[in-house]
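> One structure coming up, written as structure tokens, with questions to follow.
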There are 2 protein chains.
Amino acid sequence: MSISPKAALLEEYAGIAQALSAPARLTILEQLAQGARGVDGVAAKTGLSVANCSQHLQQLRRAGLVTSTRAGKAVIYRLSDPRTLELMDLLHLLAARNIGRVDDILRGLAGGTDAPEPVARTELARRMAMGAVTVLDVRPADEYAAAHIPGAVNVMVSDLATFADGVDAGAQIVAYCRGPYCVYAHEAVAALRARGLDARRMEGGLPEWQADGRDVDACVGQSNR
Amino acid sequence: MSISPKAALLEEYAGIAQALSAPARLTILEQLAQGARGVDGVAAKTGLSVANCSQHLQQLRRAGLVTSTRAGKAVIYRLSDPRTLELMDLLHLLAARNIGRVDDILRGLAGGTDAPEPVARTELARRMAMGAVTVLDVRPADEYAAAHIPGAVNVMVSDLATFADGVDAGAQIVAYCRGPYCVYAHEAVAALRARGLDARRMEGGLPEWQADGRDVDACVGQSNR
DNA sequence: GTCATATTCAAGTGATCGCTTGAATATACC
DNA sequence: GGTATATTCAAGCGATCACTTGAATATGAC
């Protein structure tokens with residue numbers, strides 16, 4: 001110990017960045033952004049093994065990004081600071097700006113057609129107030145049930161075809177999913193545009209919408225898993 | 001190849017975080033935030049070996065955080081996006097919020113006395129306009145020469161004692177240095193307060209001041225940029 | 001108490017990282 | 001051309017990391 005304080009500080013900062021430096025931990029954080037969960041809840045959602053998940057979660061806790069509380073025999077993990085989302089957003093922005101590869105990947109998702117600019121959340125709220133837009137929630141049904149943008153329709157990516165058939169050709173559609181790391185909305189927009197519909201993505205995802213202080217709806221009989 | 005696009009995206013994001021996960025690279029970025037430099041320029045400033053520095057810089061370039069241009073026999077590196085600074089700021093904020101250890105380290109710097117809240121940059125600008133404050137630049141002389149807040153006095157940390165002697169007891173002093181990772185301003189504030197002076201830190205550092213779009217002064221015979 | 005569930009710990013493995021050392025490359029000046 | 005300067009490359013070493021496997025611990029139900 002007793003190295004220079006400056007070096008100690010830098011190690012703290014680097015430690016936080018390192019916590020974000022594994023893809024597995026980013027997916028875990030993305031999950032926790034949807035709401036607090038137990039270890040095997042995240043494990044099931046992310047496809048990681050339980051032990052692996054536990055270790056990642058402990059690492060995130062050591063970095064101060066998540067906190068844990070005991071609830072019966074389960075240990076519930078949650079994001080410790082909403083600003084963690086900002087950090088992930090910034091990572092996303094920087095990646096999109098700086099690295100052409102990200103564009104390539106997203107363009108690949110979009111099937112080669114250029115995706116339009118995403119719709120800002122304030123802009124979406126304005127259009128919703130005018131009833132001028134159909135909002136599409138492309139997340140799994142249980143996450144939709146826990147919380148969603150009021151008036152949003154929940155459609156799985158696999159059911160997009162049937163959804164598209166029942167929509168007016170001129171309708172304006174805005175899709176959202178979990179957030180910047182989530183590709184569901186990208187896929188949905190690509191699929192709908194391929195059908196000639198006017199579909200765009202919302203900027204960010206539901207966590208960002210909530211972080212703005214906007215209302216969400218939840219279905220009755222709320223489950224937390 | 002051809003893993004899932006989602007995984008590929010996550011790896012891009014994780015790659016950026018990983019670029020920030022080494023203390024050495026954070027100090028390099030902090031240096032580059034002061035202005036573009038060649039490899040051995042950063043090496044000299046950071047105390048790292050030239051080869052090591054070169055490799056870190058290439059890693060940062062691979063992550064898209066810096067760009068390089070050739071200038072004669074030197075290769076000049078610079079930050080590729082000012083938002084990188086925001087990212088580092090957020091890292092700093094999260095560290096300060098989430099980890100008690102950071103407070104401990106900073107308190108150790110302050111010699112046990114509680115440091116006051118830093119002064120927001122807008123607040124500082126307002127007070128400067130009223131002439132109600134002495135601004136202290138605690139960075140090395142060459143960095144001060146390249147750019148500094150107009151009206152700021154450049155004092156090395158080692159010369160603080162003589163500076164303190166020549167100051168009115170009631171004067172309000174605001175110190176700044178390179179940015180959130182830099183501890184000079186912390187040390188200066190601690191030293192001045194130990195002498196009974198009313199000293200506080202400016203929030204952020206000179207790069208953040210510039211990122212706000214505020215004016216800076218440079219000494220004549222400007223070195224490089 | 002026994003049993004089942006949820007989480008954590010501990011050991012092991014292959015891969016990557018940070019750093020050093022020494023050689024290789026590129027550019028400018030003579 | 002040769003020589004000096006600035007940067008990059010390549011190999012090697014110890015440390016750390018992500019993940020797996022299997023055992024250990026803690027809580028609640030019986």
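Identifiers in this document derive from the order of the structure tokens: chains are assigned A, B, ..., residues are numbered from 1 separately in each chain, and ligands are numbered from 1 in order of occurrence.
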Per DSSP on the backbone, what are the helix (DSSP H, G or I) residues of segment 28-180 of chain B, as a ChimeraX atom specification?
/B:28-34,39-46,50-62,83-98,100-109,121-129,141-146,157-165
> Just need the residues of chain B within 6 Å of chain A, counting only C-alpha atoms, so spit them out as a PDB file with N, CA and C atoms, in the first residue's frame.

```pdb
ATOM      1  N   LEU B  10     -21.798  -5.845 -28.485  1.00  0.00           N
ATOM      2  CA  LEU B  10     -21.366  -5.801 -27.089  1.00  0.00           C
ATOM      3  C   LEU B  10     -19.852  -5.798 -27.002  1.00  0.00           C
ATOM      4  N   GLU B  11     -19.215  -6.529 -27.878  1.00  0.00           N
ATOM      5  CA  GLU B  11     -17.758  -6.551 -27.824  1.00  0.00           C
ATOM      6  C   GLU B  11     -17.173  -5.204 -28.190  1.00  0.00           C
ATOM      7  N   ALA B  14     -17.673  -3.127 -25.096  1.00  0.00           N
ATOM      8  CA  ALA B  14     -16.751  -3.589 -24.069  1.00  0.00           C
ATOM      9  C   ALA B  14     -15.327  -3.171 -24.406  1.00  0.00           C
ATOM     10  N   ALA B  17     -14.721   0.291 -23.172  1.00  0.00           N
ATOM     11  CA  ALA B  17     -14.548   0.287 -21.725  1.00  0.00           C
ATOM     12  C   ALA B  17     -13.188  -0.288 -21.360  1.00  0.00           C
ATOM     13  N   GLN B  18     -12.782  -1.301 -22.090  1.00  0.00           N
ATOM     14  CA  GLN B  18     -11.503  -1.913 -21.762  1.00  0.00           C
ATOM     15  C   GLN B  18     -10.353  -0.952 -22.021  1.00  0.00           C
ATOM     16  N   LEU B  20     -10.356   1.976 -21.361  1.00  0.00           N
ATOM     17  CA  LEU B  20     -10.294   2.882 -20.211  1.00  0.00           C
ATOM     18  C   LEU B  20      -9.946   2.144 -18.922  1.00  0.00           C
ATOM     19  N   SER B  21      -9.693   0.852 -19.033  1.00  0.00           N
ATOM     20  CA  SER B  21      -9.580   0.049 -17.820  1.00  0.00           C
ATOM     21  C   SER B  21      -8.159  -0.066 -17.297  1.00  0.00           C
ATOM     22  N   ALA B  22      -7.219   0.624 -17.911  1.00  0.00           N
ATOM     23  CA  ALA B  22      -5.845   0.599 -17.409  1.00  0.00           C
ATOM     24  C   ALA B  22      -5.463   1.999 -16.938  1.00  0.00           C
ATOM     25  N   PRO B  23      -4.991   2.109 -15.698  1.00  0.00           N
ATOM     26  CA  PRO B  23      -4.613   3.421 -15.169  1.00  0.00           C
ATOM     27  C   PRO B  23      -3.669   4.170 -16.094  1.00  0.00           C
ATOM     28  N   GLY B  64     -10.851   3.589 -30.928  1.00  0.00           N
ATOM     29  CA  GLY B  64     -11.468   4.761 -31.534  1.00  0.00           C
ATOM     30  C   GLY B  64     -11.467   5.988 -30.658  1.00  0.00           C
ATOM     31  N   ASN B  98     -20.099   6.093  -5.778  1.00  0.00           N
ATOM     32  CA  ASN B  98     -20.323   4.700  -5.415  1.00  0.00           C
ATOM     33  C   ASN B  98     -19.291   4.127  -4.475  1.00  0.00           C
ATOM     34  N   ILE B  99     -18.112   4.663  -4.508  1.00  0.00           N
ATOM     35  CA  ILE B  99     -17.052   4.004  -3.774  1.00  0.00           C
ATOM     36  C   ILE B  99     -16.531   4.891  -2.670  1.00  0.00           C
TER      37      ILE B  99
END
```
> Find the residue from D:DT16, D:DT27, D:DT3, D:DT21 that sits nearest to chain A; use only C-alpha atoms (C1' of nucleotides) when measuring.
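Distance minimum relative to chain A lands on D:DT27.
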> Could the residues of chain D within 10 Å of chain A, counting only C-alpha atoms (C1' of nucleotides), be given as a PyMOL selection string, please?
chain D and resi 17-21+26-28
> How would you write, as number ranges by chain, the set of residues in chain A that DSSP gives as strand (DSSP E)?
A: 37-38, 66-71, 74-79, 134-137, 153-154, 172-176, 198-201
> Mind running chain C against chain B at 12 Å and telling me each contacting residue's nearest atom pair with the distance in Å (one decimal), counting only C-alpha atoms (C1' of nucleotides), chain and number ascending, as a Markdown table?

```
| residue | atom | partner | partner_atom | distance |
| --- | --- | --- | --- | --- |
| C:DT16 | C1' | B:Gln18 | CA | 11.9 |
| C:DC17 | C1' | B:Ala22 | CA | 9.7 |
| C:DG18 | C1' | B:Asn52 | CA | 8.5 |
| C:DC19 | C1' | B:Asn52 | CA | 6.9 |
| C:DT20 | C1' | B:Asn52 | CA | 8.5 |
| C:DT21 | C1' | B:Ala51 | CA | 9.9 |
| C:DG22 | C1' | B:Ala51 | CA | 11.1 |
| C:DT25 | C1' | B:Lys73 | CA | 11.7 |
| C:DA26 | C1' | B:Lys73 | CA | 7.5 |
| C:DT27 | C1' | B:Lys73 | CA | 4.7 |
| C:DA28 | C1' | B:Lys73 | CA | 6.9 |
| C:DC29 | C1' | B:Lys73 | CA | 11.4 |
```
> Find the residues around Asp137 of chain B up to 8 Å (only C-alpha atoms (C1' of nucleotides) counted), leave out those fewer than 2 positions away in its own chain, and share them as a PyMOL selection string.
chain B and resi 135+139+144+148-149+152-155+175-177
> Selected residues, N, CA and C atoms, written as a short mmCIF file (atom, residue, chain, number, x, y, z; two decimals), in the first residue's frame, please.

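Output below, filename out38.cif:
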```
data_model
loop_
_atom_site.label_atom_id
_atom_site.label_comp_id
_atom_site.auth_asym_id
_atom_site.auth_seq_id
_atom_site.Cartn_x
_atom_site.Cartn_y
_atom_site.Cartn_z
N VAL B 135 -8.23 33.27 -9.42
CA VAL B 135 -8.21 31.94 -10.03
C VAL B 135 -6.77 31.45 -10.09
N ARG B 139 -1.25 23.81 -12.77
CA ARG B 139 -0.61 22.86 -13.68
C ARG B 139 0.83 23.29 -13.98
N TYR B 144 0.26 25.62 -18.71
CA TYR B 144 -0.33 26.94 -18.50
C TYR B 144 -0.08 27.84 -19.70
N HIS B 148 -4.84 28.72 -20.71
CA HIS B 148 -5.29 28.80 -19.33
C HIS B 148 -6.51 29.70 -19.25
N ILE B 149 -7.22 29.62 -18.15
CA ILE B 149 -8.38 30.48 -17.95
C ILE B 149 -7.90 31.93 -17.86
N ALA B 152 -6.08 33.79 -14.85
CA ALA B 152 -5.60 32.83 -13.85
C ALA B 152 -4.13 33.03 -13.57
N VAL B 153 -3.74 32.77 -12.33
CA VAL B 153 -2.35 32.85 -11.91
C VAL B 153 -1.78 31.44 -11.90
N ASN B 154 -0.60 31.29 -12.49
CA ASN B 154 0.04 29.98 -12.53
C ASN B 154 0.99 29.82 -11.35
N VAL B 155 0.69 28.87 -10.49
CA VAL B 155 1.55 28.62 -9.34
C VAL B 155 1.77 27.12 -9.22
N ALA B 175 -9.07 27.07 -7.34
CA ALA B 175 -7.96 26.41 -8.02
C ALA B 175 -8.48 25.39 -9.02
N TYR B 176 -7.75 25.22 -10.11
CA TYR B 176 -8.10 24.17 -11.06
C TYR B 176 -6.82 23.57 -11.59
N CYS B 177 -6.95 22.36 -12.17
CA CYS B 177 -5.80 21.77 -12.83
C CYS B 177 -6.27 21.06 -14.09
#
```
> Using only C-alpha atoms (C1' of nucleotides), which residues sit within 9 Å of Pro150 of chain A once same-chain residues fewer than 5 positions away are excluded, as a ChimeraX atom specification?
/A:135,215-218
> Those selected residues, please, written with N, CA and C atoms and delivered as a PDB file, in the first residue's frame.

```
ATOM      1  N   VAL A 135     -46.663   3.300 -31.074  1.00  0.00           N
ATOM      2  CA  VAL A 135     -45.448   2.944 -30.344  1.00  0.00           C
ATOM      3  C   VAL A 135     -45.383   1.437 -30.175  1.00  0.00           C
ATOM      4  N   ASP A 215     -43.777   8.751 -17.430  1.00  0.00           N
ATOM      5  CA  ASP A 215     -44.664   7.710 -16.917  1.00  0.00           C
ATOM      6  C   ASP A 215     -44.465   6.402 -17.661  1.00  0.00           C
ATOM      7  N   VAL A 216     -44.729   5.300 -16.947  1.00  0.00           N
ATOM      8  CA  VAL A 216     -44.815   3.998 -17.585  1.00  0.00           C
ATOM      9  C   VAL A 216     -46.086   3.315 -17.091  1.00  0.00           C
ATOM     10  N   ASP A 217     -46.571   2.376 -17.864  1.00  0.00           N
ATOM     11  CA  ASP A 217     -47.678   1.544 -17.427  1.00  0.00           C
ATOM     12  C   ASP A 217     -47.142   0.179 -17.050  1.00  0.00           C
ATOM     13  N   ALA A 218     -47.830  -0.476 -16.120  1.00  0.00           N
ATOM     14  CA  ALA A 218     -47.497  -1.858 -15.787  1.00  0.00           C
ATOM     15  C   ALA A 218     -48.781  -2.665 -15.831  1.00  0.00           C
TER      16      ALA A 218
END
```
> Using atom CA of Pro207 of chain A and atom CA of Ala211 of chain B as the two end points, give the distance in Å to one decimal.
27.8 Å
> Just give me the gap between atom CA of Leu32 of chain B and atom C1' of DT7 of chain D in Å, one decimal is fine.
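Going from atom CA of Leu32 of chain B over to atom C1' of DT7 of chain D, I get 17.5 Å.
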